[in-house]
>>> print(open('protein.tsv').read())   # TSV, C-alpha atoms and all ligand atoms
chain	number	residue	atom	x	y	z
A	1	MET	CA	0.00	0.00	0.00
A	2	SER	CA	1.39	3.40	-0.97
A	3	LYS	CA	1.69	6.04	1.74
A	4	ASN	CA	-1.13	8.53	1.84
A	5	ILE	CA	0.68	11.42	0.15
A	6	ASP	CA	-0.43	13.90	-2.51
A	7	TRP	CA	2.28	12.76	-4.95
A	8	SER	CA	1.27	15.29	-7.61
A	9	THR	CA	2.32	18.27	-5.47
A	10	LEU	CA	5.67	16.85	-4.33
A	11	GLY	CA	8.67	18.99	-5.21
A	12	PHE	CA	12.33	17.95	-5.03
A	13	GLY	CA	12.71	17.86	-1.25
A	14	TYR	CA	13.66	15.54	1.58
A	15	VAL	CA	10.98	13.42	3.22
A	16	GLU	CA	12.15	11.05	5.93
A	17	THR	CA	11.26	7.48	4.95
A	18	ASP	CA	11.16	4.33	7.09
A	19	LYS	CA	14.56	2.69	6.71
A	20	ARG	CA	18.05	3.36	5.41
A	21	PHE	CA	21.09	1.15	4.81
A	22	VAL	CA	24.38	1.64	6.65
A	23	SER	CA	27.72	-0.14	6.38
A	24	GLU	CA	30.86	0.71	8.32
A	25	PHE	CA	34.49	0.54	7.22
A	26	LYS	CA	36.89	-0.16	10.10
A	27	ASN	CA	40.29	-1.87	10.36
A	28	GLY	CA	40.56	-1.97	6.58
A	29	GLU	CA	37.27	-3.69	5.78
A	30	TRP	CA	33.56	-3.12	5.21
A	31	ASP	CA	31.07	-4.87	7.49
A	32	GLU	CA	27.96	-6.62	6.14
A	33	GLY	CA	25.80	-3.54	6.56
A	34	LYS	CA	22.25	-3.34	7.90
A	35	LEU	CA	19.01	-1.41	7.69
A	36	THR	CA	18.21	1.06	10.44
A	37	GLU	CA	15.25	3.24	11.38
A	38	ASP	CA	17.57	5.89	12.80
A	39	ALA	CA	17.79	8.80	10.36
A	40	THR	CA	20.44	10.65	12.36
A	41	ILE	CA	24.24	10.30	12.53
A	42	THR	CA	26.48	11.01	15.50
A	43	MET	CA	30.20	11.58	14.98
A	44	SER	CA	33.31	13.31	16.28
A	45	GLU	CA	33.49	17.08	16.02
A	46	CYS	CA	36.76	16.47	14.19
A	47	ALA	CA	35.42	13.92	11.66
A	48	CYS	CA	37.27	14.16	8.34
A	49	VAL	CA	33.98	14.87	6.53
A	50	LEU	CA	33.31	17.90	8.73
A	51	GLN	CA	36.81	19.36	8.55
A	52	TYR	CA	38.02	18.40	5.07
A	53	ALA	CA	34.77	17.54	3.23
A	54	GLN	CA	35.75	13.93	2.55
A	55	THR	CA	32.39	12.86	1.16
A	56	VAL	CA	31.08	11.54	-2.15
A	57	PHE	CA	27.57	10.61	-3.23
A	58	GLU	CA	25.34	9.24	-5.96
A	59	GLY	CA	21.79	9.81	-7.12
A	60	LEU	CA	19.42	7.38	-8.82
A	61	LYS	CA	15.71	6.67	-8.84
A	62	ALA	CA	13.30	3.78	-8.32
A	63	TYR	CA	10.21	3.79	-10.56
A	64	ARG	CA	6.88	2.02	-10.41
A	65	THR	CA	6.23	0.65	-13.88
A	66	GLU	CA	3.00	0.45	-15.85
A	67	ASP	CA	2.59	-3.24	-14.87
A	68	GLY	CA	3.18	-2.60	-11.15
A	69	LYS	CA	6.85	-3.61	-10.79
A	70	VAL	CA	9.40	-1.51	-8.95
A	71	VAL	CA	12.64	-1.03	-10.89
A	72	CYS	CA	15.71	1.14	-10.95
A	73	PHE	CA	17.73	2.40	-13.88
A	74	ARG	CA	21.36	1.40	-14.57
A	75	PRO	CA	22.49	1.21	-10.90
A	76	ASP	CA	25.73	-0.45	-12.05
A	77	LEU	CA	26.80	2.89	-13.53
A	78	ASN	CA	26.16	4.67	-10.23
A	79	ALA	CA	28.19	1.98	-8.46
A	80	SER	CA	31.17	2.47	-10.72
A	81	ARG	CA	30.96	6.26	-10.65
A	82	LEU	CA	30.88	6.21	-6.83
A	83	ALA	CA	33.99	4.01	-6.93
A	84	ASP	CA	35.74	6.60	-9.16
A	85	SER	CA	34.66	9.44	-6.87
A	86	ALA	CA	35.84	7.56	-3.75
A	87	ALA	CA	39.22	6.70	-5.28
A	88	ARG	CA	39.78	10.39	-6.17
A	89	LEU	CA	39.22	11.40	-2.53
A	90	LYS	CA	41.39	8.53	-1.18
A	91	MET	CA	38.41	6.69	0.27
A	92	PRO	CA	38.00	2.91	0.20
A	93	VAL	CA	35.83	1.73	-2.67
A	94	TYR	CA	32.47	0.22	-1.70
A	95	PRO	CA	32.21	-3.04	-3.70
A	96	GLU	CA	30.06	-2.45	-6.79
A	97	ASP	CA	27.93	-5.60	-6.40
A	98	LYS	CA	27.27	-4.74	-2.75
A	99	PHE	CA	26.28	-1.21	-3.82
A	100	ILE	CA	23.51	-2.67	-5.99
A	101	ASP	CA	22.41	-5.02	-3.16
A	102	ALA	CA	22.24	-2.04	-0.77
A	103	VAL	CA	20.10	-0.05	-3.23
A	104	VAL	CA	17.74	-3.02	-3.68
A	105	GLU	CA	17.52	-3.60	0.08
A	106	THR	CA	16.77	0.07	0.76
A	107	VAL	CA	13.99	0.22	-1.83
A	108	LYS	CA	12.48	-3.09	-0.62
A	109	ALA	CA	12.40	-1.74	2.94
A	110	ASN	CA	10.53	1.38	1.76
A	111	LEU	CA	8.24	-0.02	-0.94
A	112	ASP	CA	5.25	1.98	0.31
A	113	TRP	CA	7.22	5.14	-0.44
A	114	VAL	CA	7.59	4.35	-4.15
A	115	PRO	CA	5.12	6.73	-5.82
A	116	PRO	CA	2.39	5.15	-7.98
A	117	TYR	CA	2.82	4.81	-11.74
A	118	GLY	CA	1.70	7.95	-13.55
A	119	SER	CA	1.78	10.15	-10.42
A	120	GLY	CA	4.65	12.27	-11.73
A	121	ALA	CA	6.74	11.41	-8.66
A	122	THR	CA	9.55	8.84	-8.19
A	123	LEU	CA	11.66	7.54	-5.32
A	124	TYR	CA	15.06	9.23	-5.28
A	125	LEU	CA	17.93	7.22	-3.79
A	126	ARG	CA	20.99	8.84	-2.31
A	127	PRO	CA	23.94	6.47	-1.74
A	128	TYR	CA	26.86	8.27	-0.08
A	129	MET	CA	30.10	7.74	1.79
A	130	TYR	CA	32.05	9.85	4.21
A	131	GLY	CA	35.21	9.85	6.33
A	132	LYS	CA	34.07	9.50	9.93
A	133	ASN	CA	36.93	9.36	12.41
A	134	ALA	CA	38.71	12.39	13.88
A	135	VAL	CA	41.47	13.75	11.63
A	136	ILE	CA	43.27	17.00	12.35
A	137	GLY	CA	46.33	16.86	10.05
A	138	VAL	CA	45.36	16.98	6.38
A	139	LYS	CA	45.03	13.28	5.53
A	140	PRO	CA	42.26	10.81	4.68
A	141	ALA	CA	40.14	9.20	7.42
A	142	GLU	CA	40.62	5.57	8.40
A	143	GLU	CA	36.99	4.87	9.21
A	144	TYR	CA	34.09	5.41	6.82
A	145	GLU	CA	30.37	4.93	6.46
A	146	PHE	CA	28.54	3.99	3.27
A	147	ARG	CA	24.82	4.75	3.46
A	148	VAL	CA	21.74	4.75	1.25
A	149	PHE	CA	18.56	6.64	2.04
A	150	CYS	CA	15.56	7.31	-0.14
A	151	THR	CA	13.00	10.09	-0.43
A	152	PRO	CA	10.01	10.51	-2.75
A	153	VAL	CA	10.46	13.44	-5.16
A	154	GLY	CA	8.61	15.41	-7.80
A	155	PRO	CA	10.12	17.69	-10.47
A	156	TYR	CA	13.53	19.29	-9.76
A	157	PHE	CA	12.50	22.64	-11.20
A	158	LYS	CA	9.25	24.27	-10.00
A	159	GLY	CA	6.87	24.42	-12.95
A	160	GLY	CA	7.69	20.85	-14.01
A	161	ALA	CA	8.12	20.64	-17.76
A	162	LYS	CA	7.98	24.43	-18.36
A	163	PRO	CA	11.16	25.77	-19.98
A	164	ILE	CA	13.58	27.49	-17.62
A	165	THR	CA	15.91	30.46	-17.95
A	166	ILE	CA	19.59	30.12	-17.15
A	167	ARG	CA	22.56	32.47	-17.16
A	168	THR	CA	26.27	32.08	-17.70
A	169	THR	CA	28.35	32.65	-14.60
A	170	ASP	CA	31.95	33.60	-13.83
A	171	PHE	CA	31.95	31.37	-10.76
A	172	ASP	CA	33.55	27.94	-11.15
A	173	ARG	CA	31.47	24.93	-10.18
A	174	ALA	CA	34.16	22.40	-9.46
A	175	ALA	CA	36.39	22.47	-6.45
A	176	PRO	CA	40.08	23.04	-7.19
A	177	HIS	CA	42.42	20.22	-8.16
A	178	GLY	CA	40.36	18.93	-11.08
A	179	THR	CA	37.59	17.14	-9.20
A	180	GLY	CA	34.75	18.41	-11.41
A	181	HIS	CA	34.13	15.03	-13.01
A	182	ILE	CA	33.33	13.25	-9.73
A	183	LYS	CA	30.36	13.57	-7.40
A	184	ALA	CA	32.08	15.03	-4.34
A	185	GLY	CA	30.35	17.15	-1.70
A	186	LEU	CA	32.94	19.90	-2.08
A	187	ASN	CA	32.05	20.45	-5.76
A	188	TYR	CA	28.46	21.16	-4.77
A	189	ALA	CA	29.48	23.39	-1.85
A	190	MET	CA	31.45	25.42	-4.42
A	191	SER	CA	28.26	25.92	-6.45
A	192	LEU	CA	26.07	27.15	-3.58
A	193	TYR	CA	27.10	30.80	-3.84
A	194	ALA	CA	26.42	30.84	-7.58
A	195	ILE	CA	23.00	29.17	-7.33
A	196	VAL	CA	21.75	31.53	-4.62
A	197	ASP	CA	23.05	34.48	-6.63
A	198	ALA	CA	21.31	33.18	-9.79
A	199	HIS	CA	17.99	32.69	-7.97
A	200	GLU	CA	18.21	36.16	-6.41
A	201	LYS	CA	18.63	37.60	-9.90
A	202	GLY	CA	15.65	35.66	-11.26
A	203	PHE	CA	17.42	32.78	-13.07
A	204	ASP	CA	16.67	29.10	-12.55
A	205	GLU	CA	20.25	27.80	-12.97
A	206	ASN	CA	23.82	28.64	-13.94
A	207	MET	CA	25.62	27.61	-17.09
A	208	TYR	CA	29.25	27.00	-16.17
A	209	LEU	CA	31.82	27.70	-18.86
A	210	ASP	CA	35.28	26.13	-19.00
A	211	ALA	CA	37.52	27.78	-16.40
A	212	ALA	CA	40.54	28.20	-18.71
A	213	THR	CA	39.01	30.09	-21.66
A	214	ARG	CA	35.35	30.71	-20.73
A	215	THR	CA	34.38	29.95	-24.32
A	216	LYS	CA	33.12	26.37	-23.97
A	217	VAL	CA	29.91	25.08	-22.39
A	218	GLU	CA	30.39	22.79	-19.39
A	219	GLU	CA	27.25	21.96	-17.38
A	220	THR	CA	24.95	23.36	-14.70
A	221	GLY	CA	25.12	22.81	-10.93
A	222	GLY	CA	23.24	19.52	-11.17
A	223	ALA	CA	22.81	18.44	-14.80
A	224	ASN	CA	24.54	18.08	-18.19
A	225	PHE	CA	23.40	19.96	-21.32
A	226	ILE	CA	21.82	18.61	-24.47
A	227	PHE	CA	21.24	20.66	-27.61
A	228	ILE	CA	19.26	19.90	-30.76
A	229	THR	CA	20.45	21.36	-34.06
A	230	LYS	CA	18.05	22.78	-36.62
A	231	ASP	CA	18.54	19.63	-38.70
A	232	GLY	CA	17.67	17.36	-35.76
A	233	LYS	CA	21.05	16.19	-34.39
A	234	LEU	CA	21.74	15.72	-30.68
A	235	VAL	CA	24.83	17.65	-29.56
A	236	THR	CA	26.16	17.31	-26.03
A	237	PRO	CA	29.31	18.82	-24.49
A	238	LYS	CA	32.43	16.72	-23.96
A	239	SER	CA	34.70	17.83	-21.13
A	240	ASP	CA	36.87	16.12	-18.52
A	241	SER	CA	35.66	18.51	-15.86
A	242	ILE	CA	31.93	17.76	-16.00
A	243	LEU	CA	30.11	14.91	-14.33
A	244	PRO	CA	29.71	11.95	-16.72
A	245	SER	CA	25.90	11.96	-16.51
A	246	ILE	CA	24.25	8.55	-16.75
A	247	THR	CA	21.14	10.21	-18.17
A	248	ARG	CA	23.21	11.92	-20.88
A	249	ARG	CA	25.03	8.69	-21.75
A	250	SER	CA	21.66	6.92	-21.94
A	251	LEU	CA	20.11	9.66	-24.09
A	252	MET	CA	22.94	9.35	-26.59
A	253	VAL	CA	21.93	5.69	-27.05
A	254	VAL	CA	18.20	6.50	-27.10
A	255	ALA	CA	18.74	9.20	-29.77
A	256	GLU	CA	20.81	6.97	-32.01
A	257	LYS	CA	19.22	3.55	-31.54
A	258	TYR	CA	15.58	4.39	-30.81
A	259	LEU	CA	15.06	7.65	-32.70
A	260	GLY	CA	17.59	7.24	-35.53
A	261	MET	CA	19.22	10.60	-34.75
A	262	GLU	CA	22.81	11.61	-35.35
A	263	VAL	CA	24.67	12.23	-32.10
A	264	GLU	CA	27.69	14.49	-31.58
A	265	HIS	CA	29.58	14.32	-28.29
A	266	ARG	CA	32.14	17.09	-28.63
A	267	GLU	CA	33.34	20.43	-27.32
A	268	VAL	CA	30.54	22.95	-27.62
A	269	TYR	CA	31.42	26.65	-27.93
A	270	PHE	CA	29.15	29.24	-26.37
A	271	ASP	CA	29.13	31.11	-29.70
A	272	GLU	CA	27.35	28.17	-31.34
A	273	LEU	CA	24.35	28.23	-29.02
A	274	LYS	CA	22.43	30.85	-31.03
A	275	ASP	CA	22.22	28.36	-33.90
A	276	PHE	CA	20.61	25.49	-31.94
A	277	ALA	CA	16.87	24.80	-32.13
A	278	GLU	CA	16.36	23.31	-28.66
A	279	CYS	CA	18.22	23.05	-25.37
A	280	GLY	CA	17.69	20.95	-22.26
A	281	LEU	CA	19.28	19.90	-18.98
A	282	CYS	CA	19.54	16.20	-18.31
A	283	GLY	CA	20.17	14.27	-15.12
A	284	THR	CA	18.54	11.91	-12.65
A	285	ALA	CA	16.89	14.76	-10.76
A	286	ALA	CA	16.34	17.00	-13.80
A	287	VAL	CA	15.21	14.09	-16.08
A	288	ILE	CA	15.12	16.38	-19.13
A	289	SER	CA	14.24	19.95	-18.23
A	290	PRO	CA	13.81	22.21	-21.25
A	291	VAL	CA	15.77	25.48	-21.39
A	292	GLY	CA	13.99	28.34	-23.20
A	293	LYS	CA	16.49	31.14	-22.70
A	294	ILE	CA	20.16	31.65	-21.86
A	295	VAL	CA	21.36	35.04	-20.66
A	296	ASP	CA	25.03	35.99	-21.02
A	297	GLY	CA	25.25	39.61	-19.87
A	298	ASP	CA	23.55	41.65	-22.60
A	299	ASN	CA	23.49	38.72	-24.99
A	300	VAL	CA	20.20	36.81	-24.71
A	301	ILE	CA	19.71	33.55	-26.59
A	302	GLU	CA	16.09	32.55	-27.06
A	303	PHE	CA	15.65	29.09	-28.50
A	304	PRO	CA	13.01	28.75	-31.26
A	305	SER	CA	11.21	26.17	-29.06
A	306	GLY	CA	10.18	29.09	-26.81
A	307	MET	CA	9.18	29.46	-23.15
A	308	GLU	CA	5.86	27.62	-23.23
A	309	GLU	CA	6.73	24.00	-23.84
A	310	MET	CA	9.46	21.46	-24.42
A	311	GLY	CA	10.80	21.45	-28.00
A	312	PRO	CA	9.48	18.61	-30.20
A	313	ILE	CA	12.70	16.58	-30.36
A	314	THR	CA	13.47	17.08	-26.68
A	315	LYS	CA	9.94	15.77	-26.05
A	316	LYS	CA	10.61	12.64	-28.11
A	317	LEU	CA	13.81	12.02	-26.15
A	318	TYR	CA	11.94	12.60	-22.89
A	319	ASP	CA	9.06	10.27	-23.82
A	320	THR	CA	11.42	7.51	-24.94
A	321	LEU	CA	13.72	7.72	-21.92
A	322	THR	CA	10.88	7.84	-19.38
A	323	GLY	CA	9.05	5.14	-21.39
A	324	ILE	CA	12.07	2.86	-20.89
A	325	GLN	CA	12.32	3.74	-17.19
A	326	MET	CA	8.60	3.18	-16.54
A	327	GLY	CA	8.38	-0.04	-18.55
A	328	ARG	CA	6.31	1.26	-21.50
A	329	ILE	CA	9.17	0.75	-23.95
A	330	GLU	CA	11.55	-2.20	-24.06
A	331	ALA	CA	14.91	-1.29	-22.52
A	332	PRO	CA	18.34	-2.17	-23.88
A	333	GLU	CA	19.80	-5.27	-22.24
A	334	GLY	CA	20.94	-4.63	-18.65
A	335	TRP	CA	19.42	-1.16	-18.20
A	336	ILE	CA	16.60	-2.09	-15.85
A	337	LYS	CA	17.11	-3.75	-12.47
A	338	VAL	CA	13.86	-5.26	-11.20
A	339	ILE	CA	13.52	-4.78	-7.44
A	340	SER	CA	9.99	-6.03	-6.84
A	341	GLU	CA	7.69	-7.93	-9.23
B	1	LIG	N1	26.02	17.01	-13.51
B	1	LIG	C1	25.97	17.24	-12.18
B	1	LIG	C2	26.86	18.28	-11.61
B	1	LIG	C3	25.09	16.47	-11.39
B	1	LIG	O1	24.99	16.71	-10.07
B	1	LIG	C4	24.28	15.49	-11.99
B	1	LIG	C5	23.39	14.66	-11.18
B	1	LIG	O2	23.74	13.59	-10.78
B	1	LIG	C6	24.36	15.30	-13.37
B	1	LIG	C7	25.24	16.07	-14.09
B	1	LIG	C8	23.53	14.26	-14.05
B	1	LIG	O3	24.05	12.99	-13.84
B	1	LIG	P1	23.10	11.70	-13.85
B	1	LIG	O4	22.42	11.71	-15.16
B	1	LIG	O5	24.05	10.57	-13.70
B	1	LIG	O6	22.16	11.86	-12.71
B	2	LIG	C1	21.04	13.99	-9.33
B	2	LIG	O1	20.45	14.28	-10.37
B	2	LIG	O2	20.97	12.87	-8.82
B	2	LIG	C2	21.88	14.95	-8.63
B	2	LIG	O3	22.70	14.58	-7.85
B	2	LIG	C3	21.66	16.38	-8.88
B	2	LIG	C4	21.43	17.13	-7.63
B	2	LIG	C5	21.50	18.54	-7.98
B	2	LIG	C6	20.12	16.80	-6.98
>>> encode(input="protein.tsv", output="C-alpha cells")
Amino acid sequence: MSKNIDWSTLGFGYVETDKRFVSEFKNGEWDEGKLTEDATITMSECACVLQYAQTVFEGLKAYRTEDGKVVCFRPDLNASRLADSAARLKMPVYPEDKFIDAVVETVKANLDWVPPYGSGATLYLRPYMYGKNAVIGVKPAEEYEFRVFCTPVGPYFKGGAKPITIRTTDFDRAAPHGTGHIKAGLNYAMSLYAIVDAHEKGFDENMYLDAATRTKVEETGGANFIFITKDGKLVTPKSDSILPSITRRSLMVVAEKYLGMEVEHREVYFDELKDFAECGLCGTAAVISPVGKIVDGDNVIEFPSGMEEMGPITKKLYDTLTGIQMGRIEAPEGWIKVISE
C-alpha cells in the first residue's frame, strides 16, 4: 500500500522514509551492513567529513512501472561512478555488487514510499560515503560509512516541464584540483554561492563555462546539457571537468538507436548556441528539463522552441527515456534492475 501522500504536489525535497542502509568501514574492511530506522548520525566534532569535506555521493531513482513492478535504472553505472569518486578522494571503494544489493535492500524496505505509476513522482535514492573518524592533520580518514537513504520526489524545477531560464556565470562549479568530473560534496558546496546568486537575480540555474578560456559550455550545478540542431542532431558537451551523466550517456543511445538521430559528443562553444533549435538539462533529478532562454550579460539567446513548452525533439527524447524507465518501452539489455515484481 502506498503512503497517503499527494504525490502530484511533491517537489524535489527531503521526506524522511522508514529505513536506510548503513555499512561501516573499520580496520581496513567493510562490514555486512544493515538497515536502520535511525535517520540521524552522531560523529566526532573532528570527523574528516566535517573538517576536510571527505564525502562523495550518488543519485538514482526507483520507478513504479505500468505493470506494477518496482525497478531502478542502470544502478551499475552509479556503483562504478561512486567508486571513481571515492578513489579520487582517497576513500576505500564500496564493492560495486554490494552497492547494488544495498540499493535493492533500501527500496524493498521502503516499498510503500515508491510513488504510484503515472503520479509524476519517483523515489530518489541517495547512496553516499564519508570519512568518519577524527582527523586534524590533512590526511584521509581511516573509518568510513557507506549509506543509502531514499526520499520521494517530484520535479527538480518548480513548474515541471515548463522551460527554464539560465545564465552564464563567472563562478567555477568544481572544487580546485580537477575534481569536477566526480560527485564530491565539495564540488556542490562550491556551487552554492552561484545558485543563490542566480535565484536572487531571477534565473533558474547557472551555465558553467570552462575555467581556462570561458568559451566552452560545461554543465549546470546539477545536470549536463543537451542541444538539438536545426537539422535534428543531438549535440552534447564533452569535457573532462563535468560529471559523466548517466542520463546523458543513456540519451545518446536513445537518440541513435531508438530515434535514428545523429549524435555528436564534442566540445561545444558558447558562440554556437544561437544556432541550436532546442536546449535541455539532463540528469537523474532534472530528467530532461527544457531550457527556453540563456542570458550571457547583454546577450540573450532565445531558442526557437520558446518558453511555453518542451521542444518537439526534446519531447521525443523525454518520452522515450521515461518510457524505458517506466516499462512502457523495451529497454536495452541490462538497463533495468527489477527490485519487486
Ligand atoms: N552534472 C551534475 C553536476 C550532477 O549533479 C548530476 C546529477 O547527478 C548530473 C550532471 C547528471 O548525472 P546523472 O544523469 O548521472 O544523474
Ligand atoms: C542527481 O540528479 O541525482 C543529482 O545529484 C543532482 C542534484 C543537484 C540533486
>>> closest_residue(input="protein.tsv", among="A:Asp275, A:Glu45, A:Asp170, A:Glu218", to="ligand LIG 1 (chain B)", atoms="only C-alpha atoms and all ligand atoms")
A:Glu218
>>> atom_distance(input="protein.tsv", atom1="atom CA of A:His265", atom2="atom CA of A:Glu219")
13.5 Å
>>> residues_near_ligand(input="protein.tsv", ligand="ligand LIG 1 (chain B)", cutoff="8 Å", atoms="all atoms listed in the file", output="ChimeraX atom specification")
/A:58-60,78,180,183,188,219-224,242-249,282-287
>>> residues_around(input="protein.tsv", residues="stretch 24-37 of chain A", least_positions_apart="3", cutoff="6 Å", atoms="all atoms listed in the file", output="PyMOL selection string")
chain A and resi 19-21+143-145
>>> closest_residue(input="protein.tsv", among="A:Asn4, A:Ser289, A:Thr165, A:Ser241", to="ligand LIG 2 (chain B)", atoms="only C-alpha atoms and all ligand atoms")
A:Ser289
>>> residues_near_point(input="protein.tsv", point="(9.5, 1.7, -23.8)", cutoff="12 Å", atoms="all atoms listed in the file", output="PyMOL selection string")
chain A and resi 65-66+254+258+316-332+335-336
>>> atom_distance(input="protein.tsv", atom1="atom CA of A:Asp204", atom2="atom CA of A:Asp172")
17.0 Å
>>> residues_around(input="protein.tsv", residues="A:Arg266", least_positions_apart="3", cutoff="7 Å", atoms="all atoms listed in the file", output="count of residues only")
3
>>> closest_residue(input="protein.tsv", among="A:Gly334, A:Gly185, A:Gly260, A:Pro176", to="A:Val71", atoms="only C-alpha atoms")
A:Gly334
>>> axis_aligned_box(input="protein.tsv", around="ligand LIG 2 (chain B)", padding_each_side="4 Å", output="JSON")
{"center_x": 21.4, "center_y": 15.7, "center_z": -8.7, "size_x": 10.6, "size_y": 13.7, "size_z": 11.4}
>>> closest_residue(input="protein.tsv", among="A:Ile166, A:Ile182, A:Val135, A:Met307", to="ligand LIG 2 (chain B)", atoms="only C-alpha atoms and all ligand atoms")
A:Ile182
>>> closest_residue(input="protein.tsv", among="A:Glu205, A:Glu200, A:Asp84, A:Glu264", to="ligand LIG 2 (chain B)", atoms="only C-alpha atoms and all ligand atoms")
A:Glu205
>>> closest_residue(input="protein.tsv", among="A:Leu259, A:Glu105, A:Thr168, A:Thr42", to="A:Val300", atoms="all atoms listed in the file")
A:Thr168
>>> atom_distance(input="protein.tsv", atom1="atom CA of A:Ala62", atom2="atom CA of A:Leu125")
7.3 Å
>>> residues_around(input="protein.tsv", residues="A:Gln54", least_positions_apart="2", cutoff="9 Å", atoms="only C-alpha atoms", output="PyMOL selection string")
chain A and resi 48-52+56+86+89-91+129-132+140-141+184-186
>>> residues_near_point(input="protein.tsv", point="(20.1, 35.9, -14.2)", cutoff="8 Å", atoms="all atoms listed in the file", output="number ranges by chain")
A: 165-167, 198-199, 201-204, 295
>>> build_atoms(input="protein.tsv", residues="stretch 57-73 of chain A", atoms="N, CA, C and O atoms", output="mmCIF file, in the coordinates of the input")
data_model
loop_
_atom_site.group_PDB
_atom_site.id
_atom_site.type_symbol
_atom_site.label_atom_id
_atom_site.label_comp_id
_atom_site.auth_asym_id
_atom_site.auth_seq_id
_atom_site.Cartn_x
_atom_site.Cartn_y
_atom_site.Cartn_z
ATOM 1 N N PHE A 57 28.945 11.123 -3.240
ATOM 2 C CA PHE A 57 27.570 10.610 -3.230
ATOM 3 C C PHE A 57 27.126 10.229 -4.637
ATOM 4 O O PHE A 57 27.810 10.481 -5.615
ATOM 5 N N GLU A 58 25.970 9.605 -4.692
ATOM 6 C CA GLU A 58 25.340 9.240 -5.960
ATOM 7 C C GLU A 58 23.867 9.599 -5.915
ATOM 8 O O GLU A 58 23.326 9.882 -4.845
ATOM 9 N N GLY A 59 23.219 9.566 -7.054
ATOM 10 C CA GLY A 59 21.790 9.810 -7.120
ATOM 11 C C GLY A 59 21.186 8.917 -8.184
ATOM 12 O O GLY A 59 21.688 8.868 -9.312
ATOM 13 N N LEU A 60 20.164 8.174 -7.831
ATOM 14 C CA LEU A 60 19.420 7.380 -8.820
ATOM 15 C C LEU A 60 17.989 7.265 -8.342
ATOM 16 O O LEU A 60 17.670 7.692 -7.231
ATOM 17 N N LYS A 61 17.121 6.711 -9.207
ATOM 18 C CA LYS A 61 15.710 6.670 -8.840
ATOM 19 C C LYS A 61 15.137 5.272 -8.959
ATOM 20 O O LYS A 61 15.583 4.488 -9.801
ATOM 21 N N ALA A 62 14.104 4.986 -8.143
ATOM 22 C CA ALA A 62 13.300 3.780 -8.320
ATOM 23 C C ALA A 62 11.955 4.230 -8.885
ATOM 24 O O ALA A 62 11.425 5.283 -8.501
ATOM 25 N N TYR A 63 11.445 3.447 -9.832
ATOM 26 C CA TYR A 63 10.210 3.790 -10.560
ATOM 27 C C TYR A 63 9.209 2.677 -10.395
ATOM 28 O O TYR A 63 9.573 1.501 -10.379
ATOM 29 N N ARG A 64 7.921 3.045 -10.319
ATOM 30 C CA ARG A 64 6.880 2.020 -10.410
ATOM 31 C C ARG A 64 6.447 1.960 -11.873
ATOM 32 O O ARG A 64 6.169 2.989 -12.476
ATOM 33 N N THR A 65 6.484 0.767 -12.446
ATOM 34 C CA THR A 65 6.230 0.650 -13.880
ATOM 35 C C THR A 65 4.728 0.503 -14.140
ATOM 36 O O THR A 65 3.939 0.268 -13.215
ATOM 37 N N GLU A 66 4.392 0.562 -15.427
ATOM 38 C CA GLU A 66 3.000 0.450 -15.850
ATOM 39 C C GLU A 66 2.372 -0.851 -15.335
ATOM 40 O O GLU A 66 1.221 -0.885 -14.926
ATOM 41 N N ASP A 67 3.150 -1.953 -15.313
ATOM 42 C CA ASP A 67 2.590 -3.240 -14.870
ATOM 43 C C ASP A 67 2.850 -3.526 -13.382
ATOM 44 O O ASP A 67 2.810 -4.682 -12.950
ATOM 45 N N GLY A 68 3.153 -2.462 -12.603
ATOM 46 C CA GLY A 68 3.180 -2.600 -11.150
ATOM 47 C C GLY A 68 4.494 -3.075 -10.543
ATOM 48 O O GLY A 68 4.581 -3.264 -9.326
ATOM 49 N N LYS A 69 5.542 -3.240 -11.363
ATOM 50 C CA LYS A 69 6.850 -3.610 -10.790
ATOM 51 C C LYS A 69 7.527 -2.371 -10.199
ATOM 52 O O LYS A 69 7.145 -1.232 -10.508
ATOM 53 N N VAL A 70 8.535 -2.616 -9.375
ATOM 54 C CA VAL A 70 9.400 -1.510 -8.950
ATOM 55 C C VAL A 70 10.791 -1.804 -9.514
ATOM 56 O O VAL A 70 11.321 -2.910 -9.340
ATOM 57 N N VAL A 71 11.348 -0.826 -10.218
ATOM 58 C CA VAL A 71 12.640 -1.030 -10.890
ATOM 59 C C VAL A 71 13.558 0.150 -10.628
ATOM 60 O O VAL A 71 13.102 1.213 -10.207
ATOM 61 N N CYS A 72 14.852 -0.045 -10.862
ATOM 62 C CA CYS A 72 15.710 1.140 -10.950
ATOM 63 C C CYS A 72 16.532 1.059 -12.231
ATOM 64 O O CYS A 72 16.548 0.033 -12.919
ATOM 65 N N PHE A 73 17.161 2.188 -12.560
ATOM 66 C CA PHE A 73 17.730 2.400 -13.880
ATOM 67 C C PHE A 73 19.249 2.431 -13.796
ATOM 68 O O PHE A 73 19.812 3.305 -13.143
#
